[in-house]
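File shown here: target-v4.txt, holding compact mmCIF, C-alpha atoms.
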# COMPACT_ATOMS: atom_id res chain seq x y z
CA MET A 268 -54.47 -7.93 -21.05
CA ARG A 269 -56.01 -5.71 -23.70
CA PHE A 270 -55.75 -6.66 -27.35
CA ILE A 271 -56.51 -4.33 -30.28
CA SER A 272 -56.52 -6.03 -33.67
CA GLU A 273 -55.15 -4.70 -36.95
CA ASP A 274 -58.64 -3.91 -38.21
CA GLU A 275 -59.52 -2.05 -35.01
CA SER A 276 -56.31 0.01 -34.83
CA ALA A 277 -56.53 0.89 -38.54
CA ALA A 278 -60.05 2.21 -38.00
CA LEU A 279 -59.00 4.32 -35.00
CA VAL A 280 -55.84 6.00 -36.32
CA ASP A 281 -55.70 9.15 -38.46
CA HIS A 282 -53.14 11.77 -39.43
CA ALA A 283 -54.16 14.24 -36.73
CA MET A 284 -53.74 11.64 -33.99
CA ALA A 285 -50.41 10.52 -35.44
CA PHE A 286 -49.08 14.10 -35.64
CA GLU A 287 -49.83 14.85 -31.99
CA ALA A 288 -48.41 11.51 -30.87
CA ALA A 289 -45.23 12.01 -32.92
CA ARG A 290 -44.72 15.50 -31.53
CA GLU A 291 -45.16 14.20 -27.99
CA ALA A 292 -42.68 11.40 -28.66
CA LEU A 293 -39.99 13.60 -30.21
CA VAL A 294 -40.15 16.04 -27.29
CA ALA A 295 -40.16 13.18 -24.76
CA ALA A 296 -37.07 11.72 -26.43
CA VAL A 297 -34.95 14.63 -25.15
CA ALA A 298 -36.65 14.96 -21.74
CA PRO A 299 -34.92 13.96 -18.49
CA GLY A 300 -35.73 10.42 -17.40
CA THR A 301 -36.37 9.06 -20.88
CA VAL A 302 -34.36 6.05 -22.01
CA LEU A 303 -34.28 4.74 -25.59
CA PHE A 304 -32.59 1.38 -25.77
CA PRO A 305 -30.44 0.24 -28.72
CA ALA A 306 -32.44 -1.22 -31.59
CA VAL A 307 -32.23 -4.97 -32.14
CA LEU A 308 -32.05 -6.01 -35.79
CA GLY A 309 -32.69 -9.63 -36.67
CA HIS A 310 -34.00 -11.92 -39.38
CA GLY A 311 -36.19 -14.96 -39.73
CA SER A 312 -35.19 -18.43 -40.84
CA GLU A 313 -34.80 -16.92 -44.29
CA PRO A 314 -32.26 -14.05 -43.97
CA ALA A 315 -34.26 -11.89 -46.39
CA ASN A 316 -37.12 -11.84 -43.85
CA ARG A 317 -36.09 -9.14 -41.37
CA PHE A 318 -37.39 -7.70 -38.14
CA SER A 319 -36.43 -5.01 -35.64
CA ILE A 320 -37.21 -4.43 -31.98
CA LYS A 321 -37.25 -0.87 -30.66
CA SER A 322 -37.94 -0.16 -27.00
CA GLY A 323 -37.97 2.71 -24.56
CA SER A 324 -39.30 4.10 -21.32
CA THR A 325 -40.31 7.37 -19.72
CA ALA A 326 -41.47 8.14 -16.21
CA ALA A 327 -45.03 7.41 -17.33
CA TYR A 328 -44.88 4.45 -19.73
CA ALA A 329 -42.64 1.76 -21.22
CA GLY A 330 -42.85 -0.77 -24.01
CA LEU A 331 -41.60 -1.89 -27.38
CA LYS A 332 -42.44 -2.30 -31.04
CA VAL A 333 -41.62 -5.30 -33.21
CA GLY A 334 -41.52 -4.36 -36.88
CA SER A 335 -41.15 -6.93 -39.62
CA PHE A 336 -40.35 -6.87 -43.34
CA TRP A 337 -41.17 -10.04 -45.29
CA PRO A 338 -40.45 -9.16 -48.96
CA GLY A 339 -42.30 -12.17 -50.38
CA ASN A 340 -45.63 -11.32 -48.74
CA PRO A 341 -47.20 -9.56 -51.75
CA ASP A 342 -47.20 -12.94 -53.53
CA ARG A 343 -49.44 -14.14 -50.69
CA GLY A 344 -51.68 -11.09 -50.87
CA LEU A 345 -50.15 -9.65 -47.68
CA PRO A 346 -48.21 -6.42 -47.00
CA ARG A 347 -44.43 -6.59 -46.72
CA HIS A 348 -44.38 -4.57 -43.49
CA ASN A 349 -46.08 -5.36 -40.22
CA SER A 350 -45.84 -4.10 -36.64
CA VAL A 351 -46.96 -5.06 -33.15
CA ILE A 352 -46.73 -2.67 -30.19
CA LEU A 353 -46.53 -3.92 -26.59
CA LEU A 354 -47.17 -1.70 -23.56
CA PHE A 355 -46.03 -2.84 -20.11
CA ASP A 356 -47.88 -2.70 -16.83
CA GLN A 357 -44.94 -1.16 -15.00
CA ALA A 358 -46.25 -2.19 -11.57
CA VAL A 359 -45.93 -5.94 -12.20
CA GLY A 360 -43.89 -6.24 -15.42
CA ARG A 361 -46.55 -8.01 -17.46
CA ILE A 362 -47.76 -6.96 -20.90
CA ASP A 363 -50.73 -4.67 -20.40
CA THR A 364 -51.71 -3.97 -24.02
CA VAL A 365 -50.99 -5.56 -27.41
CA ILE A 366 -51.81 -3.58 -30.54
CA GLU A 367 -51.45 -4.92 -34.08
CA ALA A 368 -50.20 -1.83 -35.88
CA GLY A 369 -49.32 -2.44 -39.51
CA ARG A 370 -51.30 0.51 -40.88
CA VAL A 371 -50.67 2.53 -37.73
CA ASN A 372 -46.95 2.26 -38.38
CA ALA A 373 -47.33 4.00 -41.75
CA TYR A 374 -49.16 6.90 -40.09
CA ARG A 375 -46.61 7.02 -37.26
CA THR A 376 -43.62 7.17 -39.60
CA ALA A 377 -45.13 9.88 -41.79
CA ALA A 378 -46.13 11.92 -38.76
CA ALA A 379 -42.51 12.35 -37.65
CA ASP A 380 -41.77 13.77 -41.11
CA ALA A 381 -44.68 16.21 -40.79
CA VAL A 382 -43.72 17.36 -37.29
CA ALA A 383 -40.16 18.10 -38.42
CA ALA A 384 -41.34 19.84 -41.59
CA SER A 385 -43.65 22.08 -39.58
CA VAL A 386 -40.58 23.80 -38.09
CA LEU A 387 -37.91 23.15 -40.74
CA ALA A 388 -39.61 23.61 -44.13
CA ARG A 389 -40.39 27.03 -45.55
CA PRO A 390 -44.04 27.78 -44.70
CA ASP A 391 -44.74 28.68 -48.34
CA SER A 392 -43.62 25.26 -49.65
CA THR A 393 -45.96 24.12 -52.43
CA VAL A 394 -43.96 21.59 -54.46
CA LEU A 395 -43.08 18.22 -52.95
CA ALA A 396 -40.76 15.68 -54.57
CA VAL A 397 -41.06 12.15 -53.24
CA PHE A 398 -38.65 9.34 -54.04
CA GLY A 399 -40.56 6.09 -53.93
CA ALA A 400 -44.11 5.28 -54.99
CA GLY A 401 -44.93 2.58 -52.49
CA ASN A 402 -47.39 2.50 -49.62
CA GLN A 403 -45.29 4.65 -47.28
CA ALA A 404 -44.68 7.39 -49.84
CA ALA A 405 -48.39 8.21 -50.09
CA PHE A 406 -48.65 8.47 -46.30
CA GLU A 407 -45.66 10.85 -46.25
CA CYS A 408 -47.27 13.13 -48.82
CA ALA A 409 -50.64 13.17 -47.05
CA ALA A 410 -49.04 13.98 -43.70
CA LEU A 411 -47.00 16.83 -45.18
CA ALA A 412 -50.03 18.27 -46.98
CA ARG A 413 -51.66 18.81 -43.57
CA VAL A 414 -48.89 21.17 -42.39
CA LEU A 415 -47.73 22.76 -45.66
CA PRO A 416 -49.66 24.26 -48.62
CA ILE A 417 -48.60 21.44 -50.99
CA ARG A 418 -50.13 21.84 -54.44
CA GLN A 419 -47.99 19.51 -56.55
CA VAL A 420 -46.28 16.16 -55.90
CA LEU A 421 -43.53 14.97 -58.23
CA VAL A 422 -43.04 11.22 -57.85
CA VAL A 423 -39.67 9.65 -58.68
CA ALA A 424 -39.98 5.89 -59.01
CA ARG A 425 -38.19 3.08 -60.81
CA ASP A 426 -41.57 1.60 -61.71
CA THR A 427 -43.51 4.51 -63.22
CA ALA A 428 -46.61 2.30 -63.44
CA LYS A 429 -46.98 2.72 -59.68
CA VAL A 430 -47.46 6.45 -60.13
CA ALA A 431 -50.80 5.87 -61.85
CA GLY A 432 -52.55 4.99 -58.60
CA PHE A 433 -50.58 7.38 -56.43
CA ALA A 434 -52.99 10.32 -56.74
CA GLU A 435 -55.91 8.08 -55.81
CA ARG A 436 -54.10 6.75 -52.73
CA LEU A 437 -53.17 10.29 -51.71
CA ALA A 438 -56.74 11.52 -52.16
CA GLY A 439 -57.95 8.64 -50.02
CA GLN A 440 -55.96 10.09 -47.13
CA GLY A 441 -57.27 13.62 -47.50
CA GLY A 442 -54.84 14.84 -50.14
CA SER A 443 -57.43 15.60 -52.81
CA GLY A 444 -56.82 18.51 -55.16
CA ILE A 445 -53.05 17.94 -55.26
CA ALA A 446 -51.58 17.45 -58.73
CA VAL A 447 -49.47 14.30 -59.00
CA ARG A 448 -47.16 13.29 -61.82
CA ALA A 449 -44.06 11.24 -62.47
CA ALA A 450 -40.76 13.08 -62.81
CA ALA A 451 -37.08 12.35 -63.30
CA ALA A 452 -34.86 12.78 -60.25
CA ARG A 453 -33.06 15.90 -61.45
CA GLU A 454 -36.26 17.64 -62.52
CA ALA A 455 -37.99 16.82 -59.26
CA CYS A 456 -35.13 18.08 -57.08
CA ALA A 457 -34.78 21.30 -59.06
CA ALA A 458 -38.47 22.13 -58.66
CA ALA A 459 -39.01 20.96 -55.09
CA ASP A 460 -39.49 23.01 -51.96
CA VAL A 461 -39.50 19.75 -49.97
CA ILE A 462 -37.86 16.43 -50.88
CA VAL A 463 -38.86 13.19 -49.15
CA THR A 464 -37.08 9.88 -49.63
CA ALA A 465 -39.04 6.77 -48.66
CA THR A 466 -37.09 3.88 -50.16
CA PRO A 467 -34.89 0.93 -49.10
CA ALA A 468 -31.96 2.38 -51.12
CA ARG A 469 -28.31 1.68 -50.38
CA ALA A 470 -26.88 4.44 -52.57
CA PRO A 471 -27.73 8.13 -53.12
CA LEU A 472 -30.92 8.72 -55.08
CA PHE A 473 -29.86 12.10 -56.50
CA GLU A 474 -26.92 14.48 -56.73
CA ASP A 475 -26.11 17.21 -54.27
CA ALA A 476 -25.98 19.93 -56.95
CA TRP A 477 -29.61 19.28 -57.91
CA VAL A 478 -30.92 20.53 -54.54
CA ARG A 479 -31.55 24.26 -54.51
CA PRO A 480 -31.14 26.64 -51.53
CA GLY A 481 -34.12 26.78 -49.20
CA THR A 482 -35.10 23.14 -49.68
CA HIS A 483 -36.12 20.92 -46.81
CA VAL A 484 -35.14 17.26 -47.18
CA ALA A 485 -36.62 14.40 -45.13
CA ALA A 486 -34.75 11.10 -45.27
CA MET A 487 -37.20 8.45 -44.05
CA GLY A 488 -35.81 5.19 -45.43
CA ALA A 489 -32.46 4.52 -43.73
CA ASP A 490 -32.95 2.44 -40.59
CA ALA A 491 -30.15 -0.13 -40.80
CA THR A 492 -26.44 -0.27 -41.44
CA GLY A 493 -25.66 0.22 -45.11
CA LYS A 494 -28.88 1.96 -46.09
CA GLN A 495 -28.46 5.34 -47.78
CA GLU A 496 -30.65 7.76 -49.75
CA LEU A 497 -28.83 11.11 -49.74
CA PRO A 498 -25.49 12.22 -51.25
CA PRO A 499 -22.94 12.87 -48.47
CA ALA A 500 -22.00 16.20 -50.08
CA LEU A 501 -25.51 17.48 -49.32
CA LEU A 502 -24.95 16.83 -45.62
CA GLU A 503 -21.83 19.01 -45.72
CA ARG A 504 -23.82 22.12 -46.68
CA ALA A 505 -27.08 21.50 -44.84
CA GLN A 506 -28.35 22.03 -41.31
CA LEU A 507 -28.86 18.55 -39.86
CA PHE A 508 -31.66 17.36 -37.55
CA CYS A 509 -32.85 13.90 -36.50
CA ASP A 510 -35.08 12.01 -34.10
CA LEU A 511 -32.25 10.40 -32.06
CA PRO A 512 -28.62 11.47 -32.71
CA GLU A 513 -26.89 8.29 -31.52
CA GLN A 514 -29.15 6.13 -33.69
CA ALA A 515 -28.95 8.45 -36.71
CA ARG A 516 -25.16 8.12 -36.66
CA THR A 517 -25.24 4.31 -36.67
CA LEU A 518 -28.46 3.14 -38.37
CA GLY A 519 -29.84 6.29 -39.99
CA GLU A 520 -28.83 8.44 -42.93
CA PHE A 521 -26.12 10.20 -40.95
CA GLN A 522 -24.00 7.05 -40.78
CA HIS A 523 -22.65 8.44 -44.07
CA ALA A 524 -21.95 11.96 -42.76
CA SER A 525 -18.50 13.28 -41.86
CA ALA A 526 -17.58 14.34 -38.35
CA ARG A 527 -17.53 17.93 -39.56
CA ALA A 528 -21.07 17.70 -40.91
CA LEU A 529 -22.30 16.11 -37.69
CA ALA A 530 -20.80 18.80 -35.47
CA GLY A 531 -24.02 20.80 -35.60
CA LEU A 532 -26.47 17.87 -35.51
CA ARG A 533 -29.55 18.54 -33.36
CA ALA A 534 -32.38 16.39 -32.11
CA ILE A 535 -35.64 17.78 -33.45
CA GLY A 536 -37.09 17.36 -29.95
CA ASP A 537 -34.76 20.09 -28.69
CA VAL A 538 -36.12 22.45 -31.35
CA LEU A 539 -39.72 21.60 -30.50
CA ARG A 540 -39.19 21.93 -26.76
CA ALA A 541 -37.40 25.28 -27.08
CA GLY A 542 -39.87 26.64 -29.61
CA GLU A 543 -37.00 28.03 -31.65
CA GLY A 544 -33.95 26.97 -33.65
CA GLY A 545 -35.75 25.45 -36.60
CA ARG A 546 -35.64 27.26 -39.93
CA THR A 547 -34.10 30.69 -39.39
CA ASP A 548 -32.81 31.33 -42.93
CA PRO A 549 -35.08 30.99 -46.00
CA GLU A 550 -32.03 30.03 -48.09
CA ALA A 551 -30.79 27.28 -45.78
CA ILE A 552 -31.03 23.61 -46.72
CA THR A 553 -32.38 21.56 -43.84
CA VAL A 554 -32.20 17.78 -43.56
CA PHE A 555 -34.24 15.67 -41.14
CA ASP A 556 -33.21 12.05 -40.70
CA SER A 557 -35.82 9.75 -39.19
CA SER A 558 -34.61 6.27 -38.32
CA GLY A 559 -37.60 5.75 -36.02
CA ILE A 560 -37.77 5.62 -32.22
CA ALA A 561 -39.84 3.48 -29.89
CA LEU A 562 -41.51 6.46 -28.25
CA GLN A 563 -43.33 7.17 -31.52
CA ASP A 564 -44.91 3.74 -31.26
CA LEU A 565 -45.66 4.02 -27.55
CA THR A 566 -47.32 7.45 -27.77
CA ILE A 567 -49.51 6.50 -30.71
CA ALA A 568 -50.38 3.22 -28.99
CA ARG A 569 -51.53 5.18 -25.93
CA ALA A 570 -53.61 7.48 -28.14
CA ILE A 571 -55.23 4.50 -29.88
CA LEU A 572 -55.91 2.84 -26.54
CA ALA A 573 -57.60 5.97 -25.20
CA LYS A 574 -59.80 6.28 -28.30
CA TRP A 575 -60.61 2.56 -28.16
CA ALA A 576 -61.70 2.88 -24.52
CA SER A 577 -63.77 5.99 -25.29
CA ARG A 578 -65.84 3.91 -27.70
CA GLY A 579 -67.13 1.64 -24.99
CA HIS A 580 -64.40 -0.99 -24.64
CA ASP A 581 -63.47 -2.04 -21.13
CA PRO A 582 -60.23 -0.13 -20.36
CA SER A 583 -59.17 -2.89 -17.94
CA GLY A 584 -59.20 -5.45 -20.73
CA GLY A 585 -61.83 -7.56 -19.03

Can the structure in the file be given as structure tokens, please?
Amino acid sequence: MRFISEDESAALVDHAMAFEAAREALVAAVAPGTVLFPAVLGHGSEPANRFSIKSGSTAAYAGLKVGSFWPGNPDRGLPRHNSVILLFDQAVGRIDTVIEAGRVNAYRTAAADAVAASVLARPDSTVLAVFGAGNQAAFECAALARVLPIRQVLVVARDTAKVAGFAERLAGQGGSGIAVRAAAAREACAAADVIVTATPARAPLFEDAWVRPGTHVAAMGADATGKQELPPALLERAQLFCDLPEQARTLGEFQHASARALAGLRAIGDVLRAGEGGRTDPEAITVFDSSGIALQDLTIARAILAKWASRGHDPSGG
């Protein structure tokens, strides 16, 4: 069995790798022979300590990701989120590879946002509004800045003190030269070409009327029943896309959408595979809901494993 530690995987991953892996995963999600199994949501001995298990298989690979959220970890000097990816040896049913993937998960999540934005956002988008100033928010901004000409980031956060270090974190991921400042929700929405929500919210973060025509919105935070970041009225007038429709309707942002709004819902993988059907109207509002699928974890794990082996590690795990 091969084991790649957190330090090793963090040193191997980057935004370019994550983008290609996410694109591969989103296309594979709609391909014949792919199966994505229902997510398992659980908690530790303390109910506030939560974890999820997402699994899937294609004709070429199978495995799962265990993601955890322990809110008290910062008091111990540890991150709240952590992830472990397991790849199966499909011939014998044993675990072939184990990858600690806490930092990798942040890249993987942001990459899905960037892949969707590459076909849904206006190509001249320069102003990005991000709701949330935590670790994931900076990854989202850096990933988007690779595919769009982002020049300004407006950060909406309850704790404005977190905004102070946001520009530095963004620059550390290749987003140097981008102006960053705190903004109120209404101001940020009114100015934004792209809006990203990366929070654990359970109620809308802004009002529908604040979003102007032509905006692309990426809802990245809702991944469990009851979570919500967007106003339902926005979903009524937007074109809706997601990573996995059945999951988006139950765990993702679209659990709050009406049947009428969901009538036109499309998997982003169908758009990518067809090479058309993304943004066709510069005035349209597009919404991408990412609740996260196992294939994102499996494809990036395979990319990390290949890079790890190319650096002289024994690919057999011996």

If you count all atoms listed in the file, which residues fall within 12 Å of A:Ala296, apart from same-chain ones fewer than 2 positions away, as a PyMOL selection string?
chain A and resi 289-294+298-304+322-326+509-513+534-540+559-563+565-566

Which residues, written as JSON, numbers by chain, have at least one atom at most 7 Å from stretch 485-488 of chain A, with all atoms listed in the file counted and residues fewer than 5 positions away on the same chain left out?
{"A": [380, 462, 463, 464, 465, 466, 467, 496, 520, 554, 555, 556, 557, 558]}

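If you count only C-alpha atoms and ignore residues fewer than 4 places along the chain from stretch 430-440 of chain A, what sits within 10 Å of it is A:Asp281, A:His282, A:Gly399, A:Ala400, A:Gly401, A:Asn402, A:Ala404, A:Ala405, A:Phe406, A:Glu407, A:Cys408, A:Ala409, A:Ala410, A:Ala412, A:Val420, A:Leu421, A:Val422, A:Val423, A:Ala424, A:Arg425, A:Asp426, A:Gly444, A:Ile445, A:Ala446, A:Val447, A:Arg448, A:Ala449, A:Ala450.
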
One-decimal distance in Å that lies between atom CA of A:Ala515 and atom CA of A:Ala306:
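We find that atom CA of A:Ala306 and atom CA of A:Ala515 lie 11.5 Å from each other.
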
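Proximity of A:Val297, A:Val484, A:Ala315, A:Ala528 to A:Pro499, computed with all atoms listed in the file, is greatest for A:Ala528.
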
In Å to one decimal, how far is atom CA of A:Asp564 from atom CA of A:Glu287?
12.2 Å

Radius query 12 Å about (-34.3, -8.1, -40.0), atoms used: all atoms listed in the file, as a VMD selection string
chain A and resid 306 to 320 333 to 338 348 490 to 492

The centre and edge lengths of an axis-aligned box containing all atoms of stretch 569-579 of chain A present in the file, extended by 3 Å on each side, are to be given in Å to one decimal, as lines of an AutoDock Vina configuration file.
center_x = -59.3
center_y = 4.6
center_z = -27.2
size_x = 21.6
size_y = 11.8
size_z = 11.4

What's around A:Val478 at 12 Å? Count only C-alpha atoms, leave out sequence neighbours fewer than 6 positions away in its own chain, and write the answer as a PDB file with C-alpha atoms, in the frame of the given file.
ATOM      1  CA  ALA A 396     -40.760  15.680 -54.570  1.00  0.00           C
ATOM      2  CA  ALA A 452     -34.860  12.780 -60.250  1.00  0.00           C
ATOM      3  CA  ARG A 453     -33.060  15.900 -61.450  1.00  0.00           C
ATOM      4  CA  GLU A 454     -36.260  17.640 -62.520  1.00  0.00           C
ATOM      5  CA  ALA A 455     -37.990  16.820 -59.260  1.00  0.00           C
ATOM      6  CA  CYS A 456     -35.130  18.080 -57.080  1.00  0.00           C
ATOM      7  CA  ALA A 457     -34.780  21.300 -59.060  1.00  0.00           C
ATOM      8  CA  ALA A 458     -38.470  22.130 -58.660  1.00  0.00           C
ATOM      9  CA  ALA A 459     -39.010  20.960 -55.090  1.00  0.00           C
ATOM     10  CA  ASP A 460     -39.490  23.010 -51.960  1.00  0.00           C
ATOM     11  CA  VAL A 461     -39.500  19.750 -49.970  1.00  0.00           C
ATOM     12  CA  ILE A 462     -37.860  16.430 -50.880  1.00  0.00           C
ATOM     13  CA  LEU A 472     -30.920   8.720 -55.080  1.00  0.00           C
ATOM     14  CA  VAL A 484     -35.140  17.260 -47.180  1.00  0.00           C
ATOM     15  CA  LEU A 497     -28.830  11.110 -49.740  1.00  0.00           C
ATOM     16  CA  PRO A 498     -25.490  12.220 -51.250  1.00  0.00           C
ATOM     17  CA  ALA A 500     -22.000  16.200 -50.080  1.00  0.00           C
ATOM     18  CA  LEU A 501     -25.510  17.480 -49.320  1.00  0.00           C
ATOM     19  CA  LEU A 502     -24.950  16.830 -45.620  1.00  0.00           C
ATOM     20  CA  ARG A 504     -23.820  22.120 -46.680  1.00  0.00           C
ATOM     21  CA  ALA A 505     -27.080  21.500 -44.840  1.00  0.00           C
ATOM     22  CA  GLU A 550     -32.030  30.030 -48.090  1.00  0.00           C
ATOM     23  CA  ALA A 551     -30.790  27.280 -45.780  1.00  0.00           C
ATOM     24  CA  ILE A 552     -31.030  23.610 -46.720  1.00  0.00           C
ATOM     25  CA  THR A 553     -32.380  21.560 -43.840  1.00  0.00           C
ATOM     26  CA  VAL A 554     -32.200  17.780 -43.560  1.00  0.00           C
TER      27      VAL A 554
END

Just give me the gap between atom CA of A:Gly481 and atom CA of A:Tyr374 in Å, one decimal is fine.
26.5 Å

Which residues of stretch 331-394 of chain A have any atom within 12 Å of an atom in stretch 541-548 of chain A when counting only C-alpha atoms, and what is the closest pair of atoms for each, with the distance in Å to one decimal? Order the rows by chain and rising number and write it as JSON lines.
{"residue": "A:Val382", "atom": "CA", "partner": "A:Gly545", "partner_atom": "CA", "distance": 11.4}
{"residue": "A:Ala383", "atom": "CA", "partner": "A:Gly545", "partner_atom": "CA", "distance": 8.8}
{"residue": "A:Ala384", "atom": "CA", "partner": "A:Gly545", "partner_atom": "CA", "distance": 9.4}
{"residue": "A:Ser385", "atom": "CA", "partner": "A:Gly545", "partner_atom": "CA", "distance": 9.1}
{"residue": "A:Val386", "atom": "CA", "partner": "A:Gly545", "partner_atom": "CA", "distance": 5.3}
{"residue": "A:Leu387", "atom": "CA", "partner": "A:Arg546", "partner_atom": "CA", "distance": 4.8}
{"residue": "A:Ala388", "atom": "CA", "partner": "A:Arg546", "partner_atom": "CA", "distance": 6.8}
{"residue": "A:Arg389", "atom": "CA", "partner": "A:Arg546", "partner_atom": "CA", "distance": 7.4}
{"residue": "A:Pro390", "atom": "CA", "partner": "A:Arg546", "partner_atom": "CA", "distance": 9.7}

Could you complete stretch 349-363 of chain A so that it carries N, CA and C atoms, and give it back as a compact mmCIF listing (two decimals), keeping the file's coordinate frame?
# COMPACT_ATOMS: atom_id res chain seq x y z
N ASN A 349 -45.10 -5.18 -41.28
CA ASN A 349 -46.08 -5.36 -40.22
C ASN A 349 -45.47 -4.89 -38.90
N SER A 350 -46.31 -4.59 -37.93
CA SER A 350 -45.84 -4.10 -36.64
C SER A 350 -46.77 -4.56 -35.53
N VAL A 351 -46.20 -4.79 -34.37
CA VAL A 351 -46.96 -5.06 -33.15
C VAL A 351 -46.35 -4.22 -32.04
N ILE A 352 -47.19 -3.50 -31.29
CA ILE A 352 -46.73 -2.67 -30.19
C ILE A 352 -47.18 -3.31 -28.87
N LEU A 353 -46.26 -3.36 -27.91
CA LEU A 353 -46.53 -3.92 -26.59
C LEU A 353 -46.31 -2.84 -25.53
N LEU A 354 -47.29 -2.62 -24.69
CA LEU A 354 -47.17 -1.70 -23.56
C LEU A 354 -47.11 -2.49 -22.27
N PHE A 355 -46.18 -2.14 -21.38
CA PHE A 355 -46.03 -2.84 -20.11
C PHE A 355 -46.92 -2.25 -19.02
N ASP A 356 -47.39 -3.11 -18.13
CA ASP A 356 -47.88 -2.70 -16.83
C ASP A 356 -46.63 -2.57 -15.96
N GLN A 357 -46.22 -1.36 -15.68
CA GLN A 357 -44.94 -1.16 -15.00
C GLN A 357 -44.97 -1.61 -13.53
N ALA A 358 -46.16 -1.76 -12.97
CA ALA A 358 -46.25 -2.19 -11.57
C ALA A 358 -45.83 -3.65 -11.40
N VAL A 359 -46.18 -4.50 -12.37
CA VAL A 359 -45.93 -5.94 -12.20
C VAL A 359 -45.07 -6.53 -13.31
N GLY A 360 -44.78 -5.76 -14.37
CA GLY A 360 -43.89 -6.24 -15.42
C GLY A 360 -44.54 -7.13 -16.46
N ARG A 361 -45.86 -7.22 -16.45
CA ARG A 361 -46.55 -8.01 -17.46
C ARG A 361 -46.98 -7.10 -18.61
N ILE A 362 -47.25 -7.73 -19.77
CA ILE A 362 -47.76 -6.96 -20.90
C ILE A 362 -49.19 -6.53 -20.61
N ASP A 363 -49.43 -5.24 -20.69
CA ASP A 363 -50.73 -4.67 -20.40
C ASP A 363 -51.60 -4.58 -21.64
